[in-house]
>>> print(open('model-v6.pdb').read())   # PDB, C-alpha atoms and all ligand atoms
ATOM      1  CA  MET M   1      32.083  -2.509 -13.689  1.00  0.00           C
ATOM      2  CA  THR M   2      31.960   0.521 -11.394  1.00  0.00           C
ATOM      3  CA  THR M   3      29.640   0.769  -8.438  1.00  0.00           C
ATOM      4  CA  THR M   4      27.308   3.074 -10.368  1.00  0.00           C
ATOM      5  CA  ASP M   5      26.810   0.717 -13.301  1.00  0.00           C
ATOM      6  CA  PRO M   6      23.482  -1.093 -13.216  1.00  0.00           C
ATOM      7  CA  TYR M   7      23.679  -4.865 -12.777  1.00  0.00           C
ATOM      8  CA  LEU M   8      21.926  -5.458 -16.092  1.00  0.00           C
ATOM      9  CA  PRO M   9      21.811  -3.284 -19.239  1.00  0.00           C
ATOM     10  CA  LEU M  10      19.274  -0.451 -19.261  1.00  0.00           C
ATOM     11  CA  GLU M  11      17.626  -2.019 -22.305  1.00  0.00           C
ATOM     12  CA  LEU M  12      15.980  -4.400 -19.828  1.00  0.00           C
ATOM     13  CA  ALA M  13      14.369  -1.568 -17.859  1.00  0.00           C
ATOM     14  CA  GLN M  14      13.316   1.051 -20.410  1.00  0.00           C
ATOM     15  CA  GLU M  15       9.846   1.465 -18.999  1.00  0.00           C
ATOM     16  CA  LEU M  16       7.554  -0.111 -16.463  1.00  0.00           C
ATOM     17  CA  PHE M  17       4.283  -1.712 -17.411  1.00  0.00           C
ATOM     18  CA  THR M  18       2.133  -0.855 -14.434  1.00  0.00           C
ATOM     19  CA  ASP M  19      -1.526  -0.945 -13.542  1.00  0.00           C
ATOM     20  CA  ARG M  20      -3.523   0.547 -10.683  1.00  0.00           C
ATOM     21  CA  PHE M  21      -2.331  -2.231  -8.365  1.00  0.00           C
ATOM     22  CA  THR M  22       1.375  -2.315  -9.236  1.00  0.00           C
ATOM     23  CA  GLN M  23       1.935   1.462  -9.576  1.00  0.00           C
ATOM     24  CA  GLU M  24       2.111   1.913  -5.792  1.00  0.00           C
ATOM     25  CA  PHE M  25       4.857  -0.737  -5.513  1.00  0.00           C
ATOM     26  CA  TRP M  26       7.035   1.096  -8.046  1.00  0.00           C
ATOM     27  CA  ASP M  27       6.300   4.535  -6.572  1.00  0.00           C
ATOM     28  CA  ARG M  28       7.483   3.259  -3.184  1.00  0.00           C
ATOM     29  CA  CYS M  29      10.602   1.779  -4.796  1.00  0.00           C
ATOM     30  CA  ARG M  30      11.363   5.202  -6.256  1.00  0.00           C
ATOM     31  CA  ASN M  31      11.319   6.463  -2.643  1.00  0.00           C
ATOM     32  CA  HIS M  32      13.582   3.554  -1.600  1.00  0.00           C
ATOM     33  CA  GLU M  33      10.862   1.804   0.352  1.00  0.00           C
ATOM     34  CA  LEU M  34      10.321  -1.884  -0.305  1.00  0.00           C
ATOM     35  CA  ALA M  35       6.725  -2.653   0.642  1.00  0.00           C
ATOM     36  CA  PHE M  36       4.262  -5.383  -0.206  1.00  0.00           C
ATOM     37  CA  GLN M  37       0.511  -5.614  -0.166  1.00  0.00           C
ATOM     38  CA  LYS M  38      -0.775  -7.115   3.080  1.00  0.00           C
ATOM     39  CA  CYS M  39      -4.395  -8.174   3.514  1.00  0.00           C
ATOM     40  CA  THR M  40      -5.957  -6.233   6.392  1.00  0.00           C
ATOM     41  CA  SER M  41      -8.546  -8.977   6.923  1.00  0.00           C
ATOM     42  CA  CYS M  42      -6.300 -12.046   7.359  1.00  0.00           C
ATOM     43  CA  GLY M  43      -2.743 -10.642   7.325  1.00  0.00           C
ATOM     44  CA  THR M  44      -1.586 -12.537   4.227  1.00  0.00           C
ATOM     45  CA  PHE M  45       1.106 -10.852   2.162  1.00  0.00           C
ATOM     46  CA  ARG M  46       0.744 -10.894  -1.591  1.00  0.00           C
ATOM     47  CA  ASN M  47       3.173 -10.191  -4.386  1.00  0.00           C
ATOM     48  CA  PRO M  48       2.831  -9.235  -7.149  1.00  0.00           C
ATOM     49  CA  PRO M  49       0.082  -6.791  -6.161  1.00  0.00           C
ATOM     50  CA  VAL M  50      -3.408  -8.010  -6.985  1.00  0.00           C
ATOM     51  CA  PRO M  51      -6.931  -6.728  -6.313  1.00  0.00           C
ATOM     52  CA  VAL M  52      -8.118  -9.577  -4.045  1.00  0.00           C
ATOM     53  CA  CYS M  53      -6.536 -11.715  -1.318  1.00  0.00           C
ATOM     54  CA  HIS M  54      -5.940 -15.251  -2.592  1.00  0.00           C
ATOM     55  CA  ARG M  55      -6.534 -16.625   0.912  1.00  0.00           C
ATOM     56  CA  CYS M  56      -9.722 -14.892   2.150  1.00  0.00           C
ATOM     57  CA  THR M  57     -10.907 -12.987  -0.980  1.00  0.00           C
ATOM     58  CA  SER M  58     -10.924  -9.636   0.840  1.00  0.00           C
ATOM     59  CA  ALA M  59     -10.225  -6.588  -1.307  1.00  0.00           C
ATOM     60  CA  ASP M  60      -8.868  -4.656   1.707  1.00  0.00           C
ATOM     61  CA  TYR M  61      -5.121  -4.243   2.062  1.00  0.00           C
ATOM     62  CA  GLU M  62      -2.333  -2.012   3.281  1.00  0.00           C
ATOM     63  CA  TRP M  63       1.256  -1.532   2.144  1.00  0.00           C
ATOM     64  CA  ALA M  64       3.671  -3.034   4.665  1.00  0.00           C
ATOM     65  CA  ALA M  65       7.309  -1.965   4.424  1.00  0.00           C
ATOM     66  CA  VAL M  66       9.983  -4.608   4.974  1.00  0.00           C
ATOM     67  CA  SER M  67      13.522  -4.270   6.318  1.00  0.00           C
ATOM     68  CA  GLY M  68      15.171  -5.496   3.140  1.00  0.00           C
ATOM     69  CA  GLU M  69      16.955  -8.352   4.872  1.00  0.00           C
ATOM     70  CA  GLY M  70      16.237 -11.577   3.039  1.00  0.00           C
ATOM     71  CA  ARG M  71      17.451 -14.945   1.892  1.00  0.00           C
ATOM     72  CA  VAL M  72      17.946 -16.511  -1.511  1.00  0.00           C
ATOM     73  CA  TYR M  73      15.082 -18.963  -1.955  1.00  0.00           C
ATOM     74  CA  SER M  74      16.265 -20.051  -5.399  1.00  0.00           C
ATOM     75  CA  PHE M  75      18.312 -18.736  -8.282  1.00  0.00           C
ATOM     76  CA  THR M  76      19.482 -19.473 -11.781  1.00  0.00           C
ATOM     77  CA  ILE M  77      22.567 -18.379 -13.682  1.00  0.00           C
ATOM     78  CA  VAL M  78      21.860 -17.019 -17.147  1.00  0.00           C
ATOM     79  CA  THR M  79      24.708 -17.969 -19.470  1.00  0.00           C
ATOM     80  CA  HIS M  80      23.085 -17.616 -22.885  1.00  0.00           C
ATOM     81  CA  PRO M  81      22.683 -14.038 -24.158  1.00  0.00           C
ATOM     82  CA  VAL M  82      19.136 -14.069 -25.535  1.00  0.00           C
ATOM     83  CA  ALA M  83      19.563 -10.528 -26.882  1.00  0.00           C
ATOM     84  CA  GLU M  84      22.489  -8.759 -28.550  1.00  0.00           C
ATOM     85  CA  PHE M  85      22.831  -6.251 -25.698  1.00  0.00           C
ATOM     86  CA  LEU M  86      23.388  -9.108 -23.217  1.00  0.00           C
ATOM     87  CA  GLN M  87      26.472 -10.470 -25.032  1.00  0.00           C
ATOM     88  CA  THR M  88      28.887  -8.915 -22.532  1.00  0.00           C
ATOM     89  CA  THR M  89      26.598  -9.264 -19.511  1.00  0.00           C
ATOM     90  CA  VAL M  90      26.402 -13.036 -19.201  1.00  0.00           C
ATOM     91  CA  PRO M  91      26.779 -14.838 -16.926  1.00  0.00           C
ATOM     92  CA  PHE M  92      24.387 -13.154 -14.489  1.00  0.00           C
ATOM     93  CA  ASN M  93      22.073 -14.403 -11.786  1.00  0.00           C
ATOM     94  CA  VAL M  94      18.311 -14.154 -11.461  1.00  0.00           C
ATOM     95  CA  SER M  95      17.479 -14.733  -7.814  1.00  0.00           C
ATOM     96  CA  LEU M  96      14.265 -15.321  -5.922  1.00  0.00           C
ATOM     97  CA  VAL M  97      14.476 -13.584  -2.530  1.00  0.00           C
ATOM     98  CA  GLU M  98      12.235 -14.257   0.485  1.00  0.00           C
ATOM     99  CA  PHE M  99      11.785 -12.159   3.627  1.00  0.00           C
ATOM    100  CA  ASP M 100      11.261 -12.991   7.305  1.00  0.00           C
ATOM    101  CA  ASP M 101       9.055  -9.919   7.732  1.00  0.00           C
ATOM    102  CA  ALA M 102       6.843 -10.723   4.728  1.00  0.00           C
ATOM    103  CA  PRO M 103       6.081 -14.453   4.913  1.00  0.00           C
ATOM    104  CA  GLY M 104       5.076 -15.955   1.582  1.00  0.00           C
ATOM    105  CA  VAL M 105       6.537 -13.153  -0.528  1.00  0.00           C
ATOM    106  CA  ARG M 106       9.251 -14.063  -3.005  1.00  0.00           C
ATOM    107  CA  LEU M 107      10.700 -11.292  -5.141  1.00  0.00           C
ATOM    108  CA  ILE M 108      12.458 -11.921  -8.450  1.00  0.00           C
ATOM    109  CA  SER M 109      15.654  -9.873  -8.489  1.00  0.00           C
ATOM    110  CA  ASN M 110      19.434 -10.190  -8.687  1.00  0.00           C
ATOM    111  CA  VAL M 111      22.288 -10.425  -6.176  1.00  0.00           C
ATOM    112  CA  VAL M 112      24.523  -7.828  -7.777  1.00  0.00           C
ATOM    113  CA  ASP M 113      27.803  -8.547  -5.972  1.00  0.00           C
ATOM    114  CA  ALA M 114      27.742 -12.351  -6.120  1.00  0.00           C
ATOM    115  CA  GLU M 115      29.760 -14.349  -8.618  1.00  0.00           C
ATOM    116  CA  PRO M 116      27.818 -17.311 -10.065  1.00  0.00           C
ATOM    117  CA  ASP M 117      29.714 -19.838  -7.929  1.00  0.00           C
ATOM    118  CA  GLU M 118      29.119 -17.823  -4.727  1.00  0.00           C
ATOM    119  CA  LEU M 119      25.334 -18.061  -4.719  1.00  0.00           C
ATOM    120  CA  THR M 120      23.713 -20.647  -2.496  1.00  0.00           C
ATOM    121  CA  ILE M 121      20.153 -21.423  -1.498  1.00  0.00           C
ATOM    122  CA  GLY M 122      19.430 -19.782   1.842  1.00  0.00           C
ATOM    123  CA  MET M 123      22.284 -17.248   1.737  1.00  0.00           C
ATOM    124  CA  SER M 124      21.532 -13.954   3.474  1.00  0.00           C
ATOM    125  CA  VAL M 125      21.149 -10.870   1.298  1.00  0.00           C
ATOM    126  CA  GLN M 126      20.458  -7.198   1.932  1.00  0.00           C
ATOM    127  CA  LEU M 127      18.356  -4.844  -0.172  1.00  0.00           C
ATOM    128  CA  HIS M 128      20.332  -2.613  -2.539  1.00  0.00           C
ATOM    129  CA  TRP M 129      18.551   0.096  -4.540  1.00  0.00           C
ATOM    130  CA  GLU M 130      19.491   0.758  -8.156  1.00  0.00           C
ATOM    131  CA  ASP M 131      18.316   4.137  -9.431  1.00  0.00           C
ATOM    132  CA  LEU M 132      18.514   3.744 -13.195  1.00  0.00           C
ATOM    133  CA  ASP M 133      19.022   6.538 -15.731  1.00  0.00           C
ATOM    134  CA  THR M 134      15.671   5.493 -17.211  1.00  0.00           C
ATOM    135  CA  GLY M 135      13.962   6.886 -14.070  1.00  0.00           C
ATOM    136  CA  ILE M 136      13.162   3.442 -12.734  1.00  0.00           C
ATOM    137  CA  THR M 137      14.335   2.316  -9.296  1.00  0.00           C
ATOM    138  CA  LEU M 138      14.845  -1.421  -8.919  1.00  0.00           C
ATOM    139  CA  PRO M 139      15.108  -3.406  -5.703  1.00  0.00           C
ATOM    140  CA  ARG M 140      18.225  -5.534  -6.031  1.00  0.00           C
ATOM    141  CA  PHE M 141      20.349  -7.288  -3.422  1.00  0.00           C
ATOM    142  CA  LYS M 142      23.884  -7.634  -2.120  1.00  0.00           C
ATOM    143  CA  LYS M 143      25.464 -10.337  -0.012  1.00  0.00           C
ATOM    144  CA  ALA M 144      24.738  -9.711   3.691  1.00  0.00           C
TER     145      ALA M 144
HETATM  146 ZN    ZN M 201      -6.853 -12.104   3.284  1.00  0.00          ZN
END
>>> encode(input="model-v6.pdb", output="structure tokens", more="lines below")
Ligand SMILES: [Zn+2]
Amino acid sequence: MTTTDPYLPLELAQELFTDRFTQEFWDRCRNHELAFQKCTSCGTFRNPPVPVCHRCTSADYEWAAVSGEGRVYSFTIVTHPVAEFLQTTVPFNVSLVEFDDAPGVRLISNVVDAEPDELTIGMSVQLHWEDLDTGITLPRFKKA
């Protein structure tokens, strides 16, 4: 694998299914800005983007950019290729990343430079952008 190869096959990211709440997240990713909805009434972060705060029910929010420094909250190693195009990709990790500057947010992603036996709960990771040929930019992570 070269450094320009995506972590997972492009078949997994052919197109985004967005709505009026998630479009902004992906537009910011395309500009290499990782940002999450933050309630302007109570300060609660929310991800994925939703119309109403789950804590105070306010519909008011802003987009708060984060540094991209995070920790692995949990992960799994996928070893079974559920689709033909994943035959040569397994094993790969699916990691849940949390952020000090966005409490409560956990983002499903991958740690692209970690072998399966290297991943640990709590390990530090750093945001790594993958600009795919499909026009989609994905927030992924590397070991910090
Ligand atoms: Zn709120």
>>> axis_aligned_box(input="model-v6.pdb", around="region 10-19 of chain M", padding_each_side="6 Å", output="JSON")
{"center_x": 8.9, "center_y": -1.5, "center_z": -17.9, "size_x": 32.8, "size_y": 17.9, "size_z": 20.8}
>>> atom_distance(input="model-v6.pdb", atom1="CA of Tyr73 (chain M)", atom2="CA of Asn47 (chain M)")
15.0 Å
>>> closest_atom_pairs(input="model-v6.pdb", of="chain M", to="ligand ZN 201 (chain M)", cutoff="9 Å", atoms="only C-alpha atoms and all ligand atoms", output="tab-separated table")
residue	atom	partner	partner_atom	distance
M:Lys38	CA	M:ZN201	ZN	7.9
M:Cys39	CA	M:ZN201	ZN	4.6
M:Thr40	CA	M:ZN201	ZN	6.7
M:Ser41	CA	M:ZN201	ZN	5.1
M:Cys42	CA	M:ZN201	ZN	4.1
M:Gly43	CA	M:ZN201	ZN	5.9
M:Thr44	CA	M:ZN201	ZN	5.4
M:Phe45	CA	M:ZN201	ZN	8.1
M:Val52	CA	M:ZN201	ZN	7.9
M:Cys53	CA	M:ZN201	ZN	4.6
M:His54	CA	M:ZN201	ZN	6.7
M:Arg55	CA	M:ZN201	ZN	5.1
M:Cys56	CA	M:ZN201	ZN	4.2
M:Thr57	CA	M:ZN201	ZN	5.9
M:Ser58	CA	M:ZN201	ZN	5.4
M:Ala59	CA	M:ZN201	ZN	7.9
M:Asp60	CA	M:ZN201	ZN	7.9
M:Tyr61	CA	M:ZN201	ZN	8.1
>>> write_last_selection(input="model-v6.pdb", atoms="C-alpha atoms", output="CSV table (one decimal), keeping the file's coordinate frame")
chain,number,residue,atom,x,y,z
M,38,LYS,CA,-0.8,-7.1,3.1
M,39,CYS,CA,-4.4,-8.2,3.5
M,40,THR,CA,-6.0,-6.2,6.4
M,41,SER,CA,-8.5,-9.0,6.9
M,42,CYS,CA,-6.3,-12.0,7.4
M,43,GLY,CA,-2.7,-10.6,7.3
M,44,THR,CA,-1.6,-12.5,4.2
M,45,PHE,CA,1.1,-10.9,2.2
M,52,VAL,CA,-8.1,-9.6,-4.0
M,53,CYS,CA,-6.5,-11.7,-1.3
M,54,HIS,CA,-5.9,-15.3,-2.6
M,55,ARG,CA,-6.5,-16.6,0.9
M,56,CYS,CA,-9.7,-14.9,2.2
M,57,THR,CA,-10.9,-13.0,-1.0
M,58,SER,CA,-10.9,-9.6,0.8
M,59,ALA,CA,-10.2,-6.6,-1.3
M,60,ASP,CA,-8.9,-4.7,1.7
M,61,TYR,CA,-5.1,-4.2,2.1
>>> resolve_selection(input="model-v6.pdb", expression="the PyMOL selection byres (((chain M and resi 79) around 8) and not hetatm)", output="PDB file with C-alpha atoms, in the coordinates of the input")
ATOM      1  CA  ILE M  77      22.567 -18.379 -13.682  1.00  0.00           C
ATOM      2  CA  VAL M  78      21.860 -17.019 -17.147  1.00  0.00           C
ATOM      3  CA  HIS M  80      23.085 -17.616 -22.885  1.00  0.00           C
ATOM      4  CA  PRO M  81      22.683 -14.038 -24.158  1.00  0.00           C
ATOM      5  CA  VAL M  90      26.402 -13.036 -19.201  1.00  0.00           C
ATOM      6  CA  PRO M  91      26.779 -14.838 -16.926  1.00  0.00           C
ATOM      7  CA  PHE M  92      24.387 -13.154 -14.489  1.00  0.00           C
TER       8      PHE M  92
END
>>> atom_distance(input="model-v6.pdb", atom1="CA of Glu24 (chain M)", atom2="CA of Asn93 (chain M)")
26.5 Å
>>> closest_residue(input="model-v6.pdb", among="M:Pro103, M:Gly135, M:Pro6, M:Pro116", to="Gly70 (chain M)", atoms="all atoms listed in the file")
M:Pro103
>>> closest_residue(input="model-v6.pdb", among="M:Val94, M:Gln37, M:Ser74, M:Glu115", to="Leu8 (chain M)", atoms="only C-alpha atoms")
M:Val94
>>> residues_around(input="model-v6.pdb", residues="region 104-113 of chain M", least_positions_apart="5", cutoff="6 Å", atoms="only C-alpha atoms", output="count of residues only")
11
>>> atom_distance(input="model-v6.pdb", atom1="CA of Thr18 (chain M)", atom2="CA of Trp129 (chain M)")
19.2 Å
>>> residues_near_point(input="model-v6.pdb", point="(8.8, 4.9, -3.9)", cutoff="12 Å", atoms="only C-alpha atoms", output="ChimeraX atom specification")
/M:22-36,63,65,129,131,135-139
>>> closest_residue(input="model-v6.pdb", among="M:Thr76, M:Gln14, M:Ser67, M:Thr89", to="Thr134 (chain M)", atoms="all atoms listed in the file")
M:Gln14
>>> closest_residue(input="model-v6.pdb", among="M:Ala144, M:Phe85, M:Ser124, M:Val66", to="Leu10 (chain M)", atoms="all atoms listed in the file")
M:Phe85
>>> closest_residue(input="model-v6.pdb", among="M:Gly68, M:Pro9, M:Gly122, M:Pro49", to="Phe99 (chain M)", atoms="all atoms listed in the file")
M:Gly68
